[in-house]
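Chemist: What follows is a structure written as structure tokens; I'll ask about it next.
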Amino acid sequence: MVFNIVLFGAPGSGKGTQSTLLAEKFGLVHLSTGDLLRAEVQKGSSLGIQIDSYISKGNLVPDNLIVDMLAAVLDSNEGAKGFIFDGFPRTTDQAAALKKMLAVKGTDVALMINLSVGEEELINRLLYRGISSGRTDDNYETIQHRIKVYHEKTAPVKAFYESLGCAVDIDGTGSLSEIFERIQSAVNAVINT
Ligand code: ADP
């Protein structure tokens with residue numbers, strides 16, 4: 001059985017950290033579009049330079065570029081037990097494209113986990129991460145913009161999965177292990193049905 005999970009939430013909600021733990025626990029492939037994009041920027045390719053101009057301003061990278069990138073990664077992981085999508089989909093068009101790509105492979109998203117964290121804590125977490133991350137987008141001004149973009153373009157993705165009946169809300173505050181326990185129970189509830 002292929003088991004795909006979308007780990008959803010605002011910037012700073014802990015998607016990356018929890019996705020890593022989940023991937024290990026359930027033997028799934030962790031796909032972070034943010035990490036894939038930053039790897040391309042690191043290469044210094046012309047595509048990377050283009051991508052950096054979006055990321056460093058806190059804007060979304062265009063859908064077609066993200067969807068093509070994702071399609072290639074899915075194709076190169078044939079035979080995977082399943083995927084954890086972290087930071088993707090970020091627009092309803094990306095969500096529809098993902099549904100199509102998975103349908104071609106005879107699968108779908110089994111569970112969408114929305115990690116919910118209050119705005120003040122999100123900003124504090126991102127500012128703190130900025131001290132060590134070296135990320136060009138972890139500064140106060142860009143963080144504010146990323147949260148605005150999240151509300152405008154990404155939050156509607158939640159309704160997309162709610163209407164499909166596979167969305168759950170998880171409290172994203174507390175210790176890493178407390179949050180992971182909550183996520184694991186949600187995953188087990190779906191696996192065991
Ligand atoms: P965070 O969730 O903390 O903002 P990410 O690493 O997921 O961190 O994303 C960082 C940046 O990468 C985003 O602000 C955006 O510019 C770009 N990005 C990542 N994933 C996507 C996506 N699915 N669609 C468009 N842009 C994306």
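Lettering and numbering for the structure tokens are positional, with chains as A, B, ... in the shown order, residues counted from 1 in each chain, and ligands counted from 1 in the shown order.
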Could you pull the residues within 12 Å of Glu24 of chain A, counting only C-alpha atoms, minus those fewer than 5 positions along the same chain, as number ranges by chain?
Modeler: A: 17-19, 29-30, 81-84, 180, 184
Chemist: Write out as a list in words the set of residues from chain A that DSSP, computed on the backbone, places in strand (DSSP E or B).
Modeler: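 Residues meeting the strand (DSSP E or B) criterion: Asn4, Ile5, Val6, Leu7, Phe8, Gly9, Val29, His30, Leu31, Ser32, Phe83, Ile84, Phe85, Asp86, Val109, Ala110, Leu111, Met112, Ile113, Asn114, Leu115, Ser116, Ala167, Val168, Asp169, Ile170 and Asp171 of chain A.
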Chemist: Any chance you could tabulate, as a Markdown table, the residues of chain A at most 6 Å from ligand 1 with each one's nearest atom pair and distance in Å to one decimal, using only C-alpha atoms and all ligand atoms, in chain and rising number order?
Modeler:
```
| residue | atom | partner | partner_atom_place_in_ligand_line | distance |
| --- | --- | --- | --- | --- |
| A:Pro11 | CA | ligand 1 | 2 (O) | 3.6 |
| A:Gly12 | CA | ligand 1 | 3 (O) | 4.8 |
| A:Thr33 | CA | ligand 1 | 20 (N) | 4.4 |
| A:Gly34 | CA | ligand 1 | 6 (O) | 3.3 |
| A:Asp35 | CA | ligand 1 | 6 (O) | 5.8 |
| A:Tyr54 | CA | ligand 1 | 16 (O) | 5.4 |
| A:Ile55 | CA | ligand 1 | 16 (O) | 3.6 |
| A:Gly58 | CA | ligand 1 | 14 (O) | 4.7 |
| A:Asn59 | CA | ligand 1 | 16 (O) | 4.8 |
| A:Leu60 | CA | ligand 1 | 26 (N) | 3.7 |
| A:Val61 | CA | ligand 1 | 26 (N) | 3.9 |
| A:Pro62 | CA | ligand 1 | 25 (C) | 6.0 |
| A:Ile66 | CA | ligand 1 | 24 (N) | 5.9 |
| A:Gly87 | CA | ligand 1 | 7 (O) | 4.2 |
| A:Phe88 | CA | ligand 1 | 23 (N) | 4.0 |
| A:Pro89 | CA | ligand 1 | 23 (N) | 5.0 |
| A:Arg90 | CA | ligand 1 | 23 (N) | 4.7 |
| A:Arg146 | CA | ligand 1 | 14 (O) | 5.9 |
```
Chemist: Now that the selection is made, can you save its residues with N, CA and C atoms as a CSV table (one decimal), in the first residue's frame?
Modeler:
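Saved to part-v4.csv:
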```csv
chain,number,residue,atom,x,y,z
A,11,PRO,N,4.5,28.9,7.8
A,11,PRO,CA,6.0,28.9,8.0
A,11,PRO,C,6.3,28.9,9.5
A,12,GLY,N,7.2,28.0,9.9
A,12,GLY,CA,7.6,28.0,11.4
A,12,GLY,C,6.7,27.1,12.2
A,33,THR,N,9.7,20.7,-0.5
A,33,THR,CA,10.0,21.5,-1.7
A,33,THR,C,11.0,22.7,-1.3
A,34,GLY,N,10.9,23.2,-0.1
A,34,GLY,CA,11.8,24.2,0.3
A,34,GLY,C,13.3,23.7,0.2
A,35,ASP,N,13.5,22.5,0.7
A,35,ASP,CA,14.9,21.9,0.7
A,35,ASP,C,15.3,21.7,-0.8
A,54,TYR,N,12.6,34.7,-5.7
A,54,TYR,CA,11.3,34.5,-5.1
A,54,TYR,C,11.5,34.2,-3.6
A,55,ILE,N,12.4,33.3,-3.3
A,55,ILE,CA,12.5,32.8,-1.8
A,55,ILE,C,13.0,34.0,-1.0
A,58,GLY,N,10.3,36.2,0.1
A,58,GLY,CA,9.2,35.6,0.8
A,58,GLY,C,8.0,35.3,-0.1
A,59,ASN,N,8.3,35.3,-1.4
A,59,ASN,CA,7.2,35.0,-2.4
A,59,ASN,C,7.2,33.5,-2.7
A,60,LEU,N,6.1,33.1,-3.2
A,60,LEU,CA,6.1,31.7,-3.7
A,60,LEU,C,6.7,31.6,-5.0
A,61,VAL,N,7.4,30.4,-5.2
A,61,VAL,CA,8.0,30.1,-6.5
A,61,VAL,C,6.8,29.7,-7.4
A,62,PRO,N,6.8,30.1,-8.7
A,62,PRO,CA,5.7,29.8,-9.6
A,62,PRO,C,5.3,28.3,-9.6
A,66,ILE,N,7.4,24.4,-9.6
A,66,ILE,CA,7.3,23.5,-8.5
A,66,ILE,C,6.7,22.1,-8.9
A,87,GLY,N,5.7,21.3,2.9
A,87,GLY,CA,5.8,22.6,2.2
A,87,GLY,C,5.2,22.6,0.8
A,88,PHE,N,4.4,21.5,0.5
A,88,PHE,CA,3.8,21.3,-0.8
A,88,PHE,C,2.5,20.5,-0.5
A,89,PRO,N,1.4,20.8,-1.1
A,89,PRO,CA,1.0,21.9,-1.9
A,89,PRO,C,0.8,23.2,-1.2
A,90,ARG,N,1.2,24.3,-1.8
A,90,ARG,CA,1.1,25.6,-1.2
A,90,ARG,C,0.1,26.5,-1.9
A,146,ARG,N,5.9,36.4,4.4
A,146,ARG,CA,5.6,35.0,4.2
A,146,ARG,C,4.3,34.6,4.9
```
Chemist: Measuring between only C-alpha atoms, which one of A:Asp169, A:Glu40, A:Glu162, A:Glu119 shows the shortest distance to Ile147 of chain A?
Modeler: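 Counting only C-alpha atoms, the residue closest to Ile147 of chain A is A:Glu119.
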Chemist: If we count only C-alpha atoms and set the cut-off at 8 Å, which residues sit around segment 123-125 of chain A, ignoring sequence neighbours fewer than 6 positions away in its own chain? Please answer as a count of residues only.
Modeler: 4
Chemist: Using only C-alpha atoms, find each residue in segment 116-181 of chain A having at least one atom no more than 9 Å away from segment 93-107 of chain A; report its shortest atom-to-atom pair and that distance in Å (one decimal), rows by chain then rising number, as CSV.
Modeler:
```
residue,atom,partner,partner_atom,distance
A:Val157,CA,A:Ala95,CA,6.9
A:Phe160,CA,A:Ala95,CA,7.6
A:Tyr161,CA,A:Ala95,CA,8.6
```
